[in-house]
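First the structure, in the form of structure tokens, and then the observations on it.
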Amino acid sequence: MPQSSGPNPSAPCRFRTLATSSRRRSLSMRRTSGNLLLYALTLAVSIGVFFLIRFFGNSLVASGAPEPSKPAATGSSEISSTLMHLLLALALIIVVARILGTLFRRLNQPRVVGEIVAGILLGPSFFGWLAPSVASQLLPAAISSYLALISQLGVVLYMFLVGLELDTELLRHRTTASIAISHAGIVIPFLLGATLAVWLFPLYATRQISLTVFALFIGVSMSITAFPVLARILTDQGLQKTPIGVLALTCAAIDDVTAWCLLALLVGVAHAQAGNALLTLLLAIGFILFVLLVASRGARWLVRRQVANGHTTQEMFAMVCTALLLAALATERIGIHSLFGAFLLGVVIPHDSELALDIRNRMQDLVVVLFLPAFFAFTGLRTHIGMVHCARDLLACILIIAVASLGKFGGCFLAARWTGSPWREATAVGVLMNTRGLMELIVLNVGLDLGVLSPALFTMFVLMAVTTTLATAPILHRLSDPQVSAMD
């Protein structure tokens, strides 16, 4: 016979647990009901007191405080309408930039190239031409000045990040090859650009600009290399640690520092009258010395403090942001553009410190996702491809692209070959140094703001910047092909 089971000793415990749980739920429900009743009673009493106040105050008469004027009310309405348009425009810009950036990334191009193209497509060259009424509603002319301010702030922050990421050890440990290539990458494009400027000046220069300033600016714009885009391409190709990658990064770092110094000098000359040019130069030198001797010590003190605390506090971050804004303000006031102050301050903060890493982590996403697409869209609104329509314009655009590529690629290629690099390595360095991207657009916008570039010439140089940047990744990928490598 099967053995019958006895009473389960755990049953009373289970019943007690269920009873306790039931009592707790009941108590919780009673408390909730009591809270709701108290809330309703408080609300009813508040309403009753308000009506009582209103009853006793009905007999009062307002004394004659002046009413707000109608222009103030109208201005408030206009600001609200502009703000709504600006918020909608920024949302549209971010969405289009992310879509094009992802698409170009799948095409083995840097994301920033797709974002640049997105900015151009949102301008009158495509969106404004395809659907002018819709474009005027989504990107009205009323927001252009606000978009310009956002773009300028974004570029200042971006140049600070560029300086922050610059490895100054690359500038100190220079080899014969890097010195030769970087100098060739500045001198040859500069001279070829200045020569081309002699032909462009009577055709496209504005009246208030002299040939000297025009030729200097064309030469500098031909000499720019996009250091961040170059680094991104090398990382995507897995070449950042190879001899070619290290050489290209070193040359680009030296090239960019030199080119930005030349641009600062050029902006100072363009802004200043003949008698004030020397004063501008002296003030610029004084600012550079102050940052290198004083601000750099403050940066090292902040790095030590960050290490002692183990993290970057909000006070430290506030100090860095304040110093950044003051440095940009100082160079803008001197007359050499706010970008230079932001860039130089970023350079003096040790790029491999935890402080620099934390600052990049806090600022980079906001700058890359919001501010830079706004800058690209602002650039796109100023780019009118329809202005390049006649045979002379097309010829000028082709010549600009050819001279820019010949000067940068040819100069760096010849210097690399002269210093002993094999042809494939020399070609790769030349192609990488011909990358312009965002850095070139920053320079071009400065030129347009100064009145050095006319809208048509600005458009041609934008096309040059996009073309040279688009060509970099495919050519470099081709040079990395094993079959091509075997020919070396």
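If you're wondering about the labels, chains in the structure tokens are A, B, ... by order shown, residues count from 1 in each chain, ligands from 1 in order shown.
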
Could you list, with a cut-off of 8 Å and counting only C-alpha atoms, the residues of region 337-456 of chain A near region 90-100 of chain A, each shown with its nearest atom pair and the distance in Å rounded to one decimal, rows sorted by chain and ascending number, as a tab-separated table?
residue	atom	partner	partner_atom	distance
A:Val369	CA	A:Ile94	CA	6.8
A:Leu370	CA	A:Ile94	CA	6.5
A:Pro373	CA	A:Ala97	CA	6.2
A:Ala374	CA	A:Ile93	CA	6.6
A:Ala377	CA	A:Ile93	CA	6.9

**Request:** Please identify all polymer residues within 7 Å of Ile334 (chain A), counting only C-alpha atoms, omitting same-chain residues fewer than 4 positions from it, and present them as JSON, numbers by chain.
**Result:** {"A": [280, 283, 284, 330]}

**Request:** Return the single residue from A:Leu234, A:Ala142, A:Ala194, A:Val466 that is closest to Val246 (chain A), with distances computed using only C-alpha atoms.
**Result:** A:Leu234

**Message:** Show me, as a count of residues only, the residues that have an atom within 10 Å of Ala428 (chain A) when counting only C-alpha atoms, minus same-chain residues fewer than 4 positions from it.
**Reply:** 19

**Request:** Among the residues of region 194-252 of chain A, find those DSSP assigns to helix (DSSP H, G or I) from the backbone and print them as a PyMOL selection string.
**Result:** chain A and resi 194-204+211-223+227-237+243-252

**Fill in**
What separates CA of Ala299 (chain A) and CA of Gly346 (chain A) is a distance of 9.5 Å

**Request:** Could you give me, as a ChimeraX atom specification, the residues within 12 Å of Thr313 (chain A), counting only C-alpha atoms and dropping anything in the same chain fewer than 5 positions from it?
**Result:** /A:302-303,305-308,318-320,354-355,358-359,362

**Request:** List the neighbours of Val155 (chain A) out to 12 Å using only C-alpha atoms; skip same-chain residues closer than 4 positions along the sequence, and give me the result as a VMD selection string.
**Result:** chain A and resid 148 to 151 159 to 162 328 337 to 343 364 367 to 368 370 to 376 378 to 379 438 to 439 441 to 443 445 to 446

Pull C-alpha atoms from the residues just selected and write them as an mmCIF file, in the first residue's frame.
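Output file out06.cif follows:
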data_model
loop_
_atom_site.group_PDB
_atom_site.id
_atom_site.type_symbol
_atom_site.label_atom_id
_atom_site.label_comp_id
_atom_site.auth_asym_id
_atom_site.auth_seq_id
_atom_site.Cartn_x
_atom_site.Cartn_y
_atom_site.Cartn_z
ATOM 1 C CA ALA A 148 25.342 82.389 -38.443
ATOM 2 C CA LEU A 149 25.861 83.012 -34.712
ATOM 3 C CA ILE A 150 25.302 79.340 -33.888
ATOM 4 C CA SER A 151 27.720 78.386 -36.660
ATOM 5 C CA MET A 159 38.730 74.619 -33.361
ATOM 6 C CA PHE A 160 39.308 74.311 -29.617
ATOM 7 C CA LEU A 161 38.750 70.541 -29.924
ATOM 8 C CA VAL A 162 41.121 70.405 -32.906
ATOM 9 C CA ALA A 328 38.414 83.703 -28.580
ATOM 10 C CA HIS A 337 39.627 86.078 -35.641
ATOM 11 C CA SER A 338 38.237 84.204 -32.660
ATOM 12 C CA LEU A 339 39.114 80.813 -34.194
ATOM 13 C CA PHE A 340 42.823 81.349 -33.599
ATOM 14 C CA GLY A 341 42.413 82.008 -29.868
ATOM 15 C CA ALA A 342 40.277 78.885 -29.390
ATOM 16 C CA PHE A 343 42.714 76.745 -31.368
ATOM 17 C CA GLN A 364 32.427 66.583 -28.771
ATOM 18 C CA VAL A 367 29.621 70.071 -31.310
ATOM 19 C CA VAL A 368 29.531 67.251 -33.870
ATOM 20 C CA LEU A 370 24.402 70.109 -33.425
ATOM 21 C CA PHE A 371 26.895 72.863 -34.112
ATOM 22 C CA LEU A 372 28.846 71.481 -37.088
ATOM 23 C CA PRO A 373 25.744 70.510 -39.125
ATOM 24 C CA ALA A 374 24.460 74.036 -38.474
ATOM 25 C CA PHE A 375 27.751 75.380 -39.837
ATOM 26 C CA PHE A 376 27.514 73.140 -42.916
ATOM 27 C CA PHE A 378 24.962 77.909 -43.126
ATOM 28 C CA THR A 379 27.765 77.305 -45.629
ATOM 29 C CA LEU A 438 35.866 71.140 -42.887
ATOM 30 C CA MET A 439 39.045 73.150 -42.267
ATOM 31 C CA LEU A 441 35.224 75.530 -45.331
ATOM 32 C CA ILE A 442 36.117 77.437 -42.169
ATOM 33 C CA VAL A 443 38.775 79.402 -44.056
ATOM 34 C CA ASN A 445 33.697 81.433 -44.684
ATOM 35 C CA VAL A 446 36.270 83.760 -43.127
#

**Asked** Which residues come within 7 Å of region 467-471 of chain A, counting only C-alpha atoms, excluding same-chain residues fewer than 3 positions away, as a PyMOL selection string?
**Response** chain A and resi 434-437+463-464+474-475

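The smallest atom-to-atom distance between Arg111 (chain A) and any of A:Ile233, A:Leu38, A:Ile224, A:Ile79, using only C-alpha atoms, is found for A:Ile233.
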
**Message:** When you count only C-alpha atoms, which of these residues is closest to Lys408 (chain A): A:Thr459, A:Ser182, A:Gln208, A:Thr32?
**Reply:** A:Ser182

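For the choices A:Ala259, A:Leu345, A:Leu265, A:Cys251, the atom-to-atom distance to Leu292 (chain A) is smallest for A:Leu345 when using only C-alpha atoms.
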
**Asked** What gap, in Å, lies between CA of Ala323 (chain A) and CA of Leu164 (chain A)?
**Response** 13.5 Å

Find the residues of region 107-207 of chain A that sit at most 10 Å from region 394-399 of chain A; for each, write down the nearest two atoms and how far apart they are in Å, to one decimal. Count only C-alpha atoms. Sort by chain, then by number going up, and give it as JSON lines.
{"residue": "A:Leu196", "atom": "CA", "partner": "A:Leu399", "partner_atom": "CA", "distance": 8.4}
{"residue": "A:Trp199", "atom": "CA", "partner": "A:Ala396", "partner_atom": "CA", "distance": 9.3}
{"residue": "A:Leu200", "atom": "CA", "partner": "A:Ala396", "partner_atom": "CA", "distance": 7.8}
{"residue": "A:Leu203", "atom": "CA", "partner": "A:Ala396", "partner_atom": "CA", "distance": 9.7}
{"residue": "A:Tyr204", "atom": "CA", "partner": "A:Ala396", "partner_atom": "CA", "distance": 9.9}

What would the file look like if the residues just selected were written as a short mmCIF file (atom, residue, chain, number, x, y, z; two decimals), in the first residue's frame with N, CA and C atoms?
data_model
loop_
_atom_site.label_atom_id
_atom_site.label_comp_id
_atom_site.auth_asym_id
_atom_site.auth_seq_id
_atom_site.Cartn_x
_atom_site.Cartn_y
_atom_site.Cartn_z
N LEU A 196 47.63 81.98 -59.46
CA LEU A 196 46.28 81.89 -60.01
C LEU A 196 45.45 83.12 -59.63
N TRP A 199 45.12 85.97 -62.12
CA TRP A 199 44.11 85.82 -63.18
C TRP A 199 42.69 85.97 -62.62
N LEU A 200 42.47 85.48 -61.40
CA LEU A 200 41.13 85.54 -60.81
C LEU A 200 40.75 86.94 -60.34
N LEU A 203 38.52 89.26 -62.40
CA LEU A 203 37.27 88.61 -62.78
C LEU A 203 36.31 88.43 -61.61
N TYR A 204 36.83 88.13 -60.40
CA TYR A 204 35.96 87.72 -59.31
C TYR A 204 36.18 88.46 -58.00
#

**Item:** Distance criterion (only C-alpha atoms): nearest to Leu247 (chain A) out of A:Val113, A:Ala180, A:Ala215, A:Ala465
**Value:** A:Ala180

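The shortest atom-to-atom distance to Arg360 (chain A), with only C-alpha atoms taken into account, belongs to A:Leu157 out of A:Leu157, A:Ala253, A:Leu444, A:Leu121.
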
**Request:** To one decimal in Å, tell me the separation between CA of Gly123 (chain A) and CA of Leu107 (chain A).
**Result:** 23.1 Å
